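Engineer: Here you go, data13.txt (compact mmCIF, C-alpha atoms):
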```
# COMPACT_ATOMS: atom_id res chain seq x y z
CA MET A 1 73.26 107.09 147.17
CA ASN A 2 70.63 109.37 148.73
CA ASP A 3 67.08 108.83 150.06
CA GLU A 4 65.61 109.66 146.68
CA ASP A 5 67.56 106.80 145.14
CA PHE A 6 66.16 104.34 147.65
CA ALA A 7 62.62 105.65 147.00
CA ARG A 8 62.87 104.50 143.37
CA PRO A 9 61.76 100.96 142.46
CA LYS A 10 64.54 98.36 142.63
CA TRP A 11 64.43 97.55 138.91
CA ARG A 12 64.94 101.22 138.07
CA ARG A 13 67.93 101.42 140.39
CA TRP A 14 69.43 98.34 138.71
CA LEU A 15 68.70 99.37 135.13
CA LEU A 16 68.80 103.17 135.05
CA ASN A 17 72.34 103.81 136.18
CA ARG A 18 75.48 104.72 134.27
CA PHE A 19 77.01 101.24 134.63
CA VAL A 20 74.12 99.79 132.61
CA LEU A 21 73.17 102.70 130.35
CA VAL A 22 76.65 103.44 128.95
CA PRO A 23 77.39 99.81 127.94
CA ALA A 24 73.83 99.53 126.58
CA VAL A 25 74.35 102.60 124.38
CA LEU A 26 77.69 101.19 123.19
CA VAL A 27 76.06 97.86 122.33
CA LEU A 28 73.27 99.62 120.42
CA VAL A 29 75.76 101.76 118.49
CA THR A 30 77.81 98.64 117.65
CA ILE A 31 74.73 96.77 116.45
CA GLY A 32 73.64 99.78 114.38
CA TRP A 33 77.09 100.14 112.83
CA ASN A 34 77.27 96.43 111.97
CA LEU A 35 73.83 96.57 110.36
CA TRP A 36 75.01 99.51 108.26
CA VAL A 37 78.17 97.60 107.27
CA VAL A 38 76.26 94.43 106.33
CA THR A 39 73.92 96.38 104.05
CA HIS A 40 76.66 98.46 102.37
CA ASP A 41 79.61 96.09 101.87
CA HIS A 42 79.10 94.81 98.33
CA GLY A 43 82.47 96.15 97.21
CA ILE A 44 80.97 98.33 94.50
CA ILE A 45 83.08 101.26 93.30
CA ARG A 46 81.41 103.55 90.76
CA GLY A 47 82.65 106.56 88.88
CA ARG A 48 83.01 108.32 85.54
CA VAL A 49 85.88 109.14 83.23
CA VAL A 50 85.94 112.38 81.25
CA ASP A 51 88.45 113.99 78.89
CA ALA A 52 90.17 117.32 79.42
CA ALA A 53 87.09 119.14 78.05
CA GLY A 54 84.75 117.27 80.40
CA ALA A 55 83.19 114.98 77.76
CA PRO A 56 82.59 111.31 78.72
CA VAL A 57 85.24 108.88 77.48
CA GLU A 58 84.21 105.46 76.23
CA GLY A 59 86.56 102.49 76.31
CA ALA A 60 89.06 103.90 78.80
CA GLU A 61 90.76 101.32 80.97
CA VAL A 62 90.14 101.93 84.68
CA LYS A 63 92.36 100.17 87.21
CA LEU A 64 91.57 99.39 90.82
CA TRP A 65 94.66 99.51 93.05
CA VAL A 66 94.51 97.85 96.45
CA PHE A 67 96.89 98.47 99.35
CA ASN A 68 98.93 95.34 99.91
CA PHE A 69 101.13 95.46 103.04
CA ALA A 70 103.43 98.28 101.92
CA THR A 71 102.41 99.35 98.43
CA PHE A 72 99.43 99.44 96.04
CA VAL A 73 98.95 96.66 93.49
CA VAL A 74 96.42 96.35 90.66
CA LYS A 75 93.52 94.22 91.81
CA ALA A 76 91.12 94.60 88.88
CA SER A 77 90.51 96.59 85.72
CA THR A 78 87.48 97.45 83.63
CA THR A 79 86.55 99.66 80.68
CA THR A 80 84.17 102.58 80.62
CA LYS A 81 80.74 102.53 78.96
CA PRO A 82 79.58 105.05 76.31
CA ASP A 83 78.52 107.49 79.03
CA GLY A 84 82.01 107.28 80.59
CA SER A 85 80.83 105.38 83.65
CA PHE A 86 82.57 102.38 85.17
CA GLU A 87 81.91 100.00 88.05
CA PHE A 88 83.98 97.54 90.06
CA ALA A 89 81.94 94.87 91.79
CA ASN A 90 84.30 93.09 94.18
CA ASN A 91 86.58 95.55 95.91
CA PRO A 92 87.90 93.71 98.98
CA SER A 93 89.80 96.54 100.65
CA HIS A 94 89.31 99.73 102.66
CA ASN A 95 92.35 101.55 101.23
CA ILE A 96 92.27 101.79 97.43
CA GLN A 97 93.18 103.94 94.46
CA VAL A 98 91.63 104.19 90.98
CA SER A 99 93.18 105.43 87.78
CA ALA A 100 92.08 105.65 84.14
CA ASP A 101 94.02 105.42 80.93
CA LYS A 102 93.18 105.53 77.20
CA PRO A 103 95.72 105.60 74.41
CA GLY A 104 95.44 108.85 72.51
CA GLU A 105 93.35 110.53 75.25
CA GLY A 106 95.90 110.40 78.04
CA ARG A 107 95.70 109.14 81.58
CA SER A 108 94.29 110.36 84.87
CA ALA A 109 96.04 110.83 88.18
CA ARG A 110 95.66 107.96 90.65
CA VAL A 111 92.88 108.97 93.00
CA PRO A 112 93.20 107.65 96.58
CA ILE A 113 89.98 106.48 98.23
CA ARG A 114 89.77 105.76 101.95
CA LEU A 115 86.73 103.76 103.02
CA TYR A 116 85.20 103.43 106.48
CA PHE A 117 85.19 99.64 106.19
CA ALA A 118 86.42 96.99 103.75
CA SER A 119 84.24 96.50 100.66
CA GLU A 120 82.23 99.64 101.35
CA ASP A 121 80.12 100.74 98.39
CA PHE A 122 81.42 104.03 97.08
CA ALA A 123 80.74 106.44 94.24
CA LEU A 124 83.38 108.95 93.17
CA LYS A 125 82.08 112.51 93.47
CA GLU A 126 84.54 113.89 90.92
CA PRO A 127 85.12 112.06 87.59
CA LEU A 128 88.57 110.80 86.62
CA ARG A 129 89.87 113.37 84.15
CA LEU A 130 92.17 112.19 81.38
CA ALA A 131 94.98 114.46 80.34
CA ASN A 132 98.06 113.96 78.22
CA GLY A 133 101.27 114.02 80.21
CA SER A 134 99.68 113.22 83.61
CA MET B 1 86.83 133.19 159.84
CA ARG B 2 88.71 134.79 156.99
CA LYS B 3 87.91 133.56 153.54
CA TYR B 4 90.73 133.33 151.04
CA PRO B 5 90.06 133.67 147.31
CA ARG B 6 89.83 130.29 145.63
CA TRP B 7 90.87 131.32 142.14
CA PRO B 8 94.63 130.84 142.71
CA ILE B 9 93.99 127.20 143.67
CA HIS B 10 91.74 126.70 140.69
CA LEU B 11 94.31 128.32 138.42
CA ALA B 12 97.02 125.99 139.72
CA LEU B 13 94.72 122.97 139.29
CA VAL B 14 93.82 123.97 135.74
CA ALA B 15 97.52 124.38 134.91
CA THR B 16 98.28 120.96 136.42
CA CYS B 17 95.41 119.37 134.51
CA PHE B 18 96.70 120.95 131.33
CA VAL B 19 100.18 119.49 131.86
CA MET B 20 98.71 116.05 132.64
CA LEU B 21 96.29 116.02 129.71
CA VAL B 22 98.53 117.38 126.94
CA PRO B 23 100.16 113.98 126.20
CA PHE B 24 96.72 112.33 125.94
CA TYR B 25 95.52 115.13 123.68
CA TRP B 26 98.64 114.78 121.54
CA VAL B 27 98.09 111.04 121.09
CA LEU B 28 94.42 111.64 120.21
CA LYS B 29 95.30 114.46 117.82
CA THR B 30 97.96 112.40 116.05
CA SER B 31 95.62 109.42 115.76
CA ILE B 32 93.13 111.46 113.72
CA SER B 33 95.58 113.57 111.73
CA GLY B 34 98.63 111.31 111.30
CA GLU B 35 101.00 114.24 111.67
CA ASN B 36 104.56 113.26 112.20
CA ILE B 37 105.55 113.72 115.83
CA PHE B 38 108.70 115.59 114.76
CA SER B 39 106.93 118.03 112.43
CA TYR B 40 107.82 121.68 113.02
CA PRO B 41 106.09 123.91 113.82
CA PRO B 42 103.75 121.55 115.69
CA SER B 43 100.05 122.23 115.23
CA ILE B 44 97.76 122.34 118.24
CA ILE B 45 94.61 121.85 116.18
CA PRO B 46 94.62 118.65 114.07
CA ARG B 47 94.95 119.28 110.33
CA HIS B 48 92.47 117.36 108.14
CA PRO B 49 91.14 115.10 110.92
CA ASN B 50 89.85 111.72 109.77
CA PRO B 51 89.10 108.31 111.31
CA PHE B 52 90.94 106.23 108.69
CA TYR B 53 93.94 105.35 110.85
CA TYR B 54 91.50 103.52 113.14
CA VAL B 55 90.19 101.63 110.09
CA ASP B 56 93.77 100.72 109.13
CA VAL B 57 94.41 99.30 112.60
CA TRP B 58 91.18 97.31 112.53
CA TYR B 59 92.22 95.53 109.34
CA ALA B 60 96.00 95.36 109.90
CA ILE B 61 95.73 92.84 112.74
CA PRO B 62 92.89 90.68 114.13
CA PHE B 63 91.87 93.47 116.47
CA ALA B 64 88.46 92.04 117.34
CA ARG B 65 90.04 88.72 118.39
CA PHE B 66 92.69 90.43 120.55
CA PHE B 67 90.03 92.67 122.06
CA LEU B 68 87.86 89.67 122.92
CA ASN B 69 90.85 87.90 124.50
CA SER B 70 91.65 90.98 126.60
CA VAL B 71 88.01 91.31 127.69
CA ILE B 72 87.73 87.63 128.71
CA VAL B 73 91.00 87.67 130.66
CA SER B 74 90.18 91.01 132.33
CA VAL B 75 86.66 89.94 133.33
CA MET B 76 88.01 86.72 134.86
CA THR B 77 90.67 88.72 136.70
CA VAL B 78 88.19 91.29 138.01
CA ILE B 79 85.73 88.65 139.30
CA ALA B 80 88.51 86.65 140.96
CA ASN B 81 90.02 89.78 142.50
CA VAL B 82 86.74 90.95 144.00
CA VAL B 83 85.91 87.51 145.47
CA LEU B 84 89.37 86.47 146.69
CA ASN B 85 90.51 89.90 147.89
CA ALA B 86 87.26 90.47 149.81
CA MET B 87 87.74 87.14 151.59
CA ALA B 88 91.40 87.87 152.34
CA GLY B 89 90.64 91.43 153.42
CA TYR B 90 87.88 90.25 155.75
CA SER B 91 90.11 87.63 157.35
CA LEU B 92 92.73 90.28 158.05
CA THR B 93 90.17 92.31 160.02
CA GLN B 94 89.66 89.34 162.37
CA GLY B 95 91.96 88.41 165.21
CA PHE B 96 93.86 85.14 164.76
CA ARG B 97 97.19 83.65 165.76
CA GLY B 98 99.98 84.72 163.40
CA LYS B 99 98.04 87.64 161.93
CA THR B 100 101.04 89.96 162.26
CA VAL B 101 103.24 87.44 160.46
CA VAL B 102 100.72 87.16 157.63
CA LEU B 103 100.54 90.95 157.36
CA MET B 104 104.33 91.22 157.28
CA LEU B 105 104.46 88.46 154.69
CA PHE B 106 101.97 90.30 152.50
CA LEU B 107 103.85 93.57 152.85
CA SER B 108 107.19 91.96 152.05
CA CYS B 109 105.72 90.16 149.03
CA MET B 110 104.61 93.52 147.67
CA MET B 111 108.25 94.44 147.27
CA ILE B 112 109.04 91.45 145.03
CA PRO B 113 108.63 92.43 141.37
CA PHE B 114 106.64 90.07 139.17
CA GLN B 115 109.60 89.59 136.82
CA THR B 116 111.46 87.66 139.51
CA THR B 117 108.60 85.17 139.91
CA ILE B 118 107.91 84.64 136.24
CA ILE B 119 109.81 81.33 135.97
CA PRO B 120 107.99 79.65 138.89
CA ALA B 121 104.71 81.10 137.65
CA TYR B 122 105.39 79.69 134.18
CA LEU B 123 106.34 76.27 135.56
CA ILE B 124 103.26 76.09 137.80
CA THR B 125 100.96 77.20 134.98
CA GLY B 126 102.59 74.64 132.69
CA LYS B 127 102.19 71.83 135.25
CA LEU B 128 98.52 72.75 135.55
CA GLY B 129 98.22 72.50 131.77
CA LEU B 130 96.98 76.08 131.53
CA LEU B 131 99.53 77.60 129.17
CA ASP B 132 97.93 79.21 126.13
CA SER B 133 94.53 79.34 127.81
CA TYR B 134 92.37 82.15 129.22
CA LEU B 135 92.59 80.75 132.73
CA GLY B 136 96.37 80.53 132.47
CA LEU B 137 96.57 84.13 131.29
CA ALA B 138 94.44 85.38 134.17
CA LEU B 139 95.68 83.11 136.97
CA PRO B 140 98.72 85.09 138.23
CA MET B 141 96.55 88.22 138.48
CA PHE B 142 93.76 86.55 140.46
CA SER B 143 94.69 88.31 143.68
CA THR B 144 96.79 91.38 144.30
CA ILE B 145 98.06 92.40 147.71
CA ILE B 146 97.35 96.11 147.29
CA CYS B 147 93.71 95.33 146.58
CA ILE B 148 93.55 93.07 149.64
CA PHE B 149 94.67 96.03 151.74
CA VAL B 150 92.09 98.27 150.06
CA PHE B 151 89.38 95.85 151.22
CA LYS B 152 90.98 95.52 154.66
CA ALA B 153 91.05 99.31 155.13
CA SER B 154 87.44 99.58 154.08
CA PHE B 155 86.30 96.69 156.32
CA ASP B 156 88.26 98.15 159.26
CA ALA B 157 86.12 101.29 159.00
CA ILE B 158 82.93 99.25 159.55
CA PRO B 159 81.95 98.99 163.25
CA HIS B 160 82.75 95.55 164.66
CA SER B 161 79.42 95.56 166.48
CA LEU B 162 77.75 95.10 163.08
CA ILE B 163 79.63 91.84 162.55
CA ASP B 164 78.78 90.71 166.07
CA ALA B 165 75.10 91.46 165.46
CA ALA B 166 75.22 89.45 162.23
CA ARG B 167 76.81 86.51 164.05
CA ILE B 168 74.15 86.63 166.74
CA ASP B 169 71.53 86.56 163.96
CA GLY B 170 73.13 83.31 162.75
CA LEU B 171 74.93 84.46 159.62
CA SER B 172 77.94 82.43 158.52
CA GLU B 173 81.26 84.20 157.90
CA TRP B 174 80.71 83.79 154.16
CA LYS B 175 77.31 85.52 154.36
CA ILE B 176 78.72 88.24 156.64
CA ILE B 177 81.19 89.13 153.88
CA TRP B 178 78.64 89.24 151.07
CA LYS B 179 75.51 90.44 152.92
CA VAL B 180 77.02 92.86 155.42
CA MET B 181 80.57 93.91 154.53
CA ILE B 182 80.50 94.19 150.72
CA PRO B 183 77.36 96.39 150.55
CA LEU B 184 79.10 98.78 152.94
CA ALA B 185 82.38 98.69 151.00
CA LYS B 186 81.24 99.49 147.48
CA SER B 187 84.00 102.03 147.00
CA ALA B 188 86.62 99.39 147.86
CA MET B 189 84.97 97.06 145.39
CA ALA B 190 85.06 99.77 142.68
CA THR B 191 88.75 100.33 143.41
CA ASN B 192 89.37 96.59 143.10
CA VAL B 193 87.47 96.43 139.84
CA ILE B 194 89.29 99.38 138.28
CA LEU B 195 92.79 98.47 139.46
CA SER B 196 92.55 94.79 138.58
CA PHE B 197 90.97 95.61 135.22
CA ILE B 198 93.64 98.13 134.27
CA TRP B 199 96.52 95.90 135.44
CA SER B 200 95.12 92.93 133.58
CA TRP B 201 94.25 94.99 130.50
CA ASN B 202 97.73 96.51 130.23
CA ASN B 203 99.65 93.37 131.17
CA PHE B 204 102.28 92.61 128.58
CA MET B 205 104.96 90.40 130.13
CA TRP B 206 102.81 87.48 131.30
CA PRO B 207 100.69 87.09 128.13
CA LEU B 208 103.90 87.28 126.11
CA ILE B 209 105.25 84.28 128.00
CA ALA B 210 102.08 82.29 128.57
CA THR B 211 100.64 82.41 125.04
CA ARG B 212 101.88 80.32 122.14
CA SER B 213 99.24 80.77 119.45
CA ALA B 214 98.42 84.08 117.81
CA ASP B 215 94.72 83.51 118.54
CA MET B 216 95.30 83.78 122.30
CA GLN B 217 97.21 87.06 122.23
CA THR B 218 95.86 90.10 124.06
CA LEU B 219 95.84 93.75 122.98
CA PRO B 220 99.27 94.78 124.38
CA LEU B 221 100.83 91.90 122.43
CA GLY B 222 98.82 93.00 119.41
CA LEU B 223 100.31 96.47 119.79
CA ALA B 224 103.83 95.02 119.74
CA ARG B 225 102.92 92.91 116.70
CA PHE B 226 101.41 95.95 115.00
CA LEU B 227 104.61 97.92 115.63
CA SER B 228 106.61 95.25 113.85
CA TYR B 229 104.23 95.46 110.87
CA GLN B 230 103.78 99.19 110.45
CA GLU B 231 106.48 101.06 112.28
CA ASP B 232 106.35 103.92 109.74
CA SER B 233 102.72 104.87 110.34
CA THR B 234 102.54 107.30 113.24
CA GLY B 235 98.81 107.91 112.87
CA ALA B 236 97.88 104.22 112.90
CA LEU B 237 100.18 103.53 115.84
CA TYR B 238 98.58 106.29 117.89
CA ALA B 239 95.11 105.16 116.82
CA PHE B 240 95.98 101.69 118.14
CA CYS B 241 97.10 103.23 121.45
CA ILE B 242 93.76 105.05 121.76
CA MET B 243 91.85 101.84 120.97
CA VAL B 244 93.78 99.98 123.68
CA LEU B 245 93.41 102.79 126.23
CA ALA B 246 89.74 103.58 125.63
CA PRO B 247 88.13 100.76 127.68
CA GLY B 248 90.28 101.50 130.74
CA ILE B 249 89.58 105.23 130.54
CA LEU B 250 85.86 104.58 130.10
CA LEU B 251 85.77 102.28 133.11
CA PHE B 252 87.64 104.84 135.21
CA LEU B 253 85.31 107.65 134.16
CA LEU B 254 82.28 105.50 135.00
CA ALA B 255 83.48 104.60 138.48
CA GLN B 256 85.80 107.46 139.37
CA LYS B 257 83.73 108.60 142.37
CA GLU B 258 83.79 105.14 143.95
CA PHE B 259 87.43 104.70 142.95
CA VAL B 260 88.59 107.82 144.76
CA GLN B 261 86.45 106.96 147.80
CA GLY B 262 87.96 103.48 147.86
CA LEU B 263 91.51 104.77 147.75
CA THR B 264 90.91 107.18 150.61
CA SER B 265 88.72 104.97 152.79
CA GLY B 266 90.57 104.01 155.93
CA ALA B 267 93.05 106.81 155.39
CA ALA B 268 91.67 108.59 158.46
CA LYS B 269 89.88 107.07 161.41
CA GLY B 270 87.40 108.64 163.75
```
Could you spell out this file's structure in structure tokens?

Structural biologist:
Amino acid sequence: MNDEDFARPKWRRWLLNRFVLVPAVLVLVTIGWNLWVVTHDHGIIRGRVVDAAGAPVEGAEVKLWVFNFATFVVKASTTTKPDGSFEFANNPSHNIQVSADKPGEGRSARVPIRLYFASEDFALKEPLRLANGS
Amino acid sequence: MRKYPRWPIHLALVATCFVMLVPFYWVLKTSISGENIFSYPPSIIPRHPNPFYYVDVWYAIPFARFFLNSVIVSVMTVIANVVLNAMAGYSLTQGFRGKTVVLMLFLSCMMIPFQTTIIPAYLITGKLGLLDSYLGLALPMFSTIICIFVFKASFDAIPHSLIDAARIDGLSEWKIIWKVMIPLAKSAMATNVILSFIWSWNNFMWPLIATRSADMQTLPLGLARFLSYQEDSTGALYAFCIMVLAPGILLFLLAQKEFVQGLTSGAAKG
């Protein structure tokens, strides 16, 4: 500590040092992250299902697979709307997969989705593409 | 006076740093890429880095609970170490009958490994009714002999006339320690804080014996538990290691200047 340090007011010496500032920044980041989690953890998974030509598929069964200890198990399933969209409302996990299937149209590959926290709201960027023989 | 070029020393230091830091880098790299440790050829730059192994660890075990337990036990240990070791270190700077015997006793006790005193420590903690409690977890680490000597070395470097002046001014021994000695021995205090924190944070054997419920386990026990759950996931295992190491490294980086000063204070007199 030099003379300049002693010239500063006592409260500044106590508050503006690395032993206070670093933990304070960490606390602020933690609070910010938790606020983000609380406002984005509804467990909503959205996406679309299309056929091999890229047209929306209605009535395809979409399954939500959740990682369970050592393997993935089906947690929920839903069917697509006329525009090919689907939505799961209560995903509980952070490590999931989704797949789509429709008799006559084929099935999609299982798409793995890794989330930053459990129940994070997520929308698939690429649609699930049905193909025979997948 | 002839000046020698400094670059060879710097080159040697950089090479040494590289050797020392490579294992840390490898753990960090694996924790964000999940590459198998035996993959050949090994990649220096992580392929497809992602934070998801950290997320896996967070949800695989009650990490927040273990972290809180470790923090509580470590904070108790650090506070107790600073207070008790400062008092012990100060007493060893004073002259009293049997001081040499006490010093020899301390030095000889340093050579006894903790594993040999675990049974008495367990029995005493049990008799006190402190098993499976925070106080019971922290109690055996409340004072460490090395840290007492760190304080003693630092206090020895303070002129004795200062203590005499404080006594003449009417200060009690207790106040002399906290108002005169400690402000002049901040580096020794930083060394005590860092060493006691790291020893408490990394302690595995005592929490393993002293805890009964899963809720009281600390992070090193959590790591062992995690290994039994997911021994096939290299990335998650390394992510867990980073999460356990991070607080200790952060504390060291924050107080490294004081830490090094504390270790070297009293090394040379005059």

Engineer: Could you give me, as an mmCIF file with C-alpha atoms, in the frame of the given file, the residues within 9 Å of B:Leu84, counting all atoms listed in the file and dropping anything in the same chain fewer than 3 positions from it?

Structural biologist:
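The resulting result21.cif:
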```cif
data_model
loop_
_atom_site.group_PDB
_atom_site.id
_atom_site.type_symbol
_atom_site.label_atom_id
_atom_site.label_comp_id
_atom_site.auth_asym_id
_atom_site.auth_seq_id
_atom_site.Cartn_x
_atom_site.Cartn_y
_atom_site.Cartn_z
ATOM 1 C CA ILE B 79 85.730 88.650 139.300
ATOM 2 C CA ALA B 80 88.510 86.650 140.960
ATOM 3 C CA ASN B 81 90.020 89.780 142.500
ATOM 4 C CA MET B 87 87.740 87.140 151.590
ATOM 5 C CA ALA B 88 91.400 87.870 152.340
ATOM 6 C CA GLY B 89 90.640 91.430 153.420
ATOM 7 C CA PHE B 142 93.760 86.550 140.460
ATOM 8 C CA SER B 143 94.690 88.310 143.680
ATOM 9 C CA ILE B 148 93.550 93.070 149.640
#
```

Engineer: Hey, which bits of chain B sit within 9 Å of chain A, and for each residue what's the closest pair of atoms and how far apart in Å (one decimal), counting all atoms listed in the file, rows by chain and increasing number, as JSON lines?

Structural biologist:
```
{"residue": "B:Pro51", "atom": "CA", "partner": "A:Tyr116", "partner_atom": "CA", "distance": 7.9}
{"residue": "B:Phe52", "atom": "CA", "partner": "A:Tyr116", "partner_atom": "CA", "distance": 6.8}
{"residue": "B:Val55", "atom": "CA", "partner": "A:Tyr116", "partner_atom": "CA", "distance": 6.4}
{"residue": "B:Asp56", "atom": "CA", "partner": "A:His94", "partner_atom": "CA", "distance": 7.9}
{"residue": "B:Tyr59", "atom": "CA", "partner": "A:Ala118", "partner_atom": "CA", "distance": 8.2}
{"residue": "B:Ala60", "atom": "CA", "partner": "A:Phe69", "partner_atom": "CA", "distance": 8.6}
{"residue": "B:Tyr229", "atom": "CA", "partner": "A:Phe69", "partner_atom": "CA", "distance": 8.4}
{"residue": "B:Gln230", "atom": "CA", "partner": "A:Ala70", "partner_atom": "CA", "distance": 8.6}
{"residue": "B:Leu251", "atom": "CA", "partner": "A:Phe19", "partner_atom": "CA", "distance": 9.0}
{"residue": "B:Leu254", "atom": "CA", "partner": "A:Phe19", "partner_atom": "CA", "distance": 6.8}
{"residue": "B:Ala255", "atom": "CA", "partner": "A:Phe19", "partner_atom": "CA", "distance": 8.2}
```

Engineer: To one decimal place, how far is atom CA of A:Lys75 from atom CA of A:Val62 in Å?

Structural biologist: 11.0 Å

Engineer: Identify the residues around (96.4, 114.2, 85.2) within a radius of 9 Å, measuring from only C-alpha atoms in the coordinates stated by the file, and give them as a PyMOL selection string.

Structural biologist: chain A and resi 106-110+128-134

Engineer: Please identify all polymer residues within 9 Å of A:Asn90, counting only C-alpha atoms, omitting same-chain residues fewer than 4 positions from it, and present them as a PyMOL selection string.

Structural biologist: chain A and resi 42-45+76+119

Engineer: What's the separation between atom CA of B:Ile163 and atom CA of B:Met181, in Å to one decimal place?

Structural biologist: 8.3 Å

Engineer: What's the separation between atom CA of B:Phe24 and atom CA of B:Val71, in Å to one decimal place?

Structural biologist: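 Answer for the atom CA of B:Phe24 to atom CA of B:Val71 separation: 22.8 Å.
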
Engineer: Between A:Asn68, A:Thr30, A:Ser99, A:Thr80, single out the one closest to A:Pro56, counting only C-alpha atoms.

Structural biologist: A:Thr80

Engineer: Just the residues within 7 Å of B:Arg212, please, counting only C-alpha atoms, with nothing from its chain fewer than 2 positions along; format it as number ranges by chain.

Structural biologist: B: 132, 210, 214

Engineer: Which of these residues is nearest to A:Ala89, using only C-alpha atoms: A:Gly59, A:Val66, A:Asp41, A:Thr71?

Structural biologist: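 Looking at the shortest contact to A:Ala89, the residue is A:Asp41.
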
Engineer: From the options B:Tyr90, B:Lys127, B:Trp178, B:Leu171, which residue's atoms come nearest to B:Phe155, counting all atoms listed in the file?

Structural biologist: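 Closest residue, counting all atoms listed in the file: B:Tyr90.
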
Engineer: Could you check which of A:Val49, A:Asp121, A:Phe67, A:Gln97 is closest to A:Pro82, using only C-alpha atoms?

Structural biologist: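 Of A:Val49, A:Asp121, A:Phe67, A:Gln97, the one nearest A:Pro82, counting only C-alpha atoms, is A:Val49.
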
Engineer: Taking the structure I provided as the source, export stretch 39-55 of chain A with C-alpha atoms, as a short mmCIF file (atom, residue, chain, number, x, y, z; two decimals), in the first residue's frame.

Structural biologist:
```cif
data_model
loop_
_atom_site.label_atom_id
_atom_site.label_comp_id
_atom_site.auth_asym_id
_atom_site.auth_seq_id
_atom_site.Cartn_x
_atom_site.Cartn_y
_atom_site.Cartn_z
CA THR A 39 -37.86 -15.90 -16.97
CA HIS A 40 -36.95 -18.57 -19.56
CA ASP A 41 -37.60 -21.92 -17.87
CA HIS A 42 -41.13 -22.78 -18.96
CA GLY A 43 -39.99 -26.01 -20.59
CA ILE A 44 -41.33 -25.03 -24.01
CA ILE A 45 -39.80 -26.80 -27.01
CA ARG A 46 -41.01 -25.58 -30.41
CA GLY A 47 -40.27 -26.74 -33.91
CA ARG A 48 -41.63 -27.76 -37.30
CA VAL A 49 -41.86 -30.99 -39.24
CA VAL A 50 -41.48 -31.03 -43.02
CA ASP A 51 -41.42 -33.79 -45.64
CA ALA A 52 -38.54 -34.58 -47.96
CA ALA A 53 -39.64 -31.79 -50.32
CA GLY A 54 -39.78 -29.24 -47.50
CA ALA A 55 -43.60 -29.03 -47.27
#
```
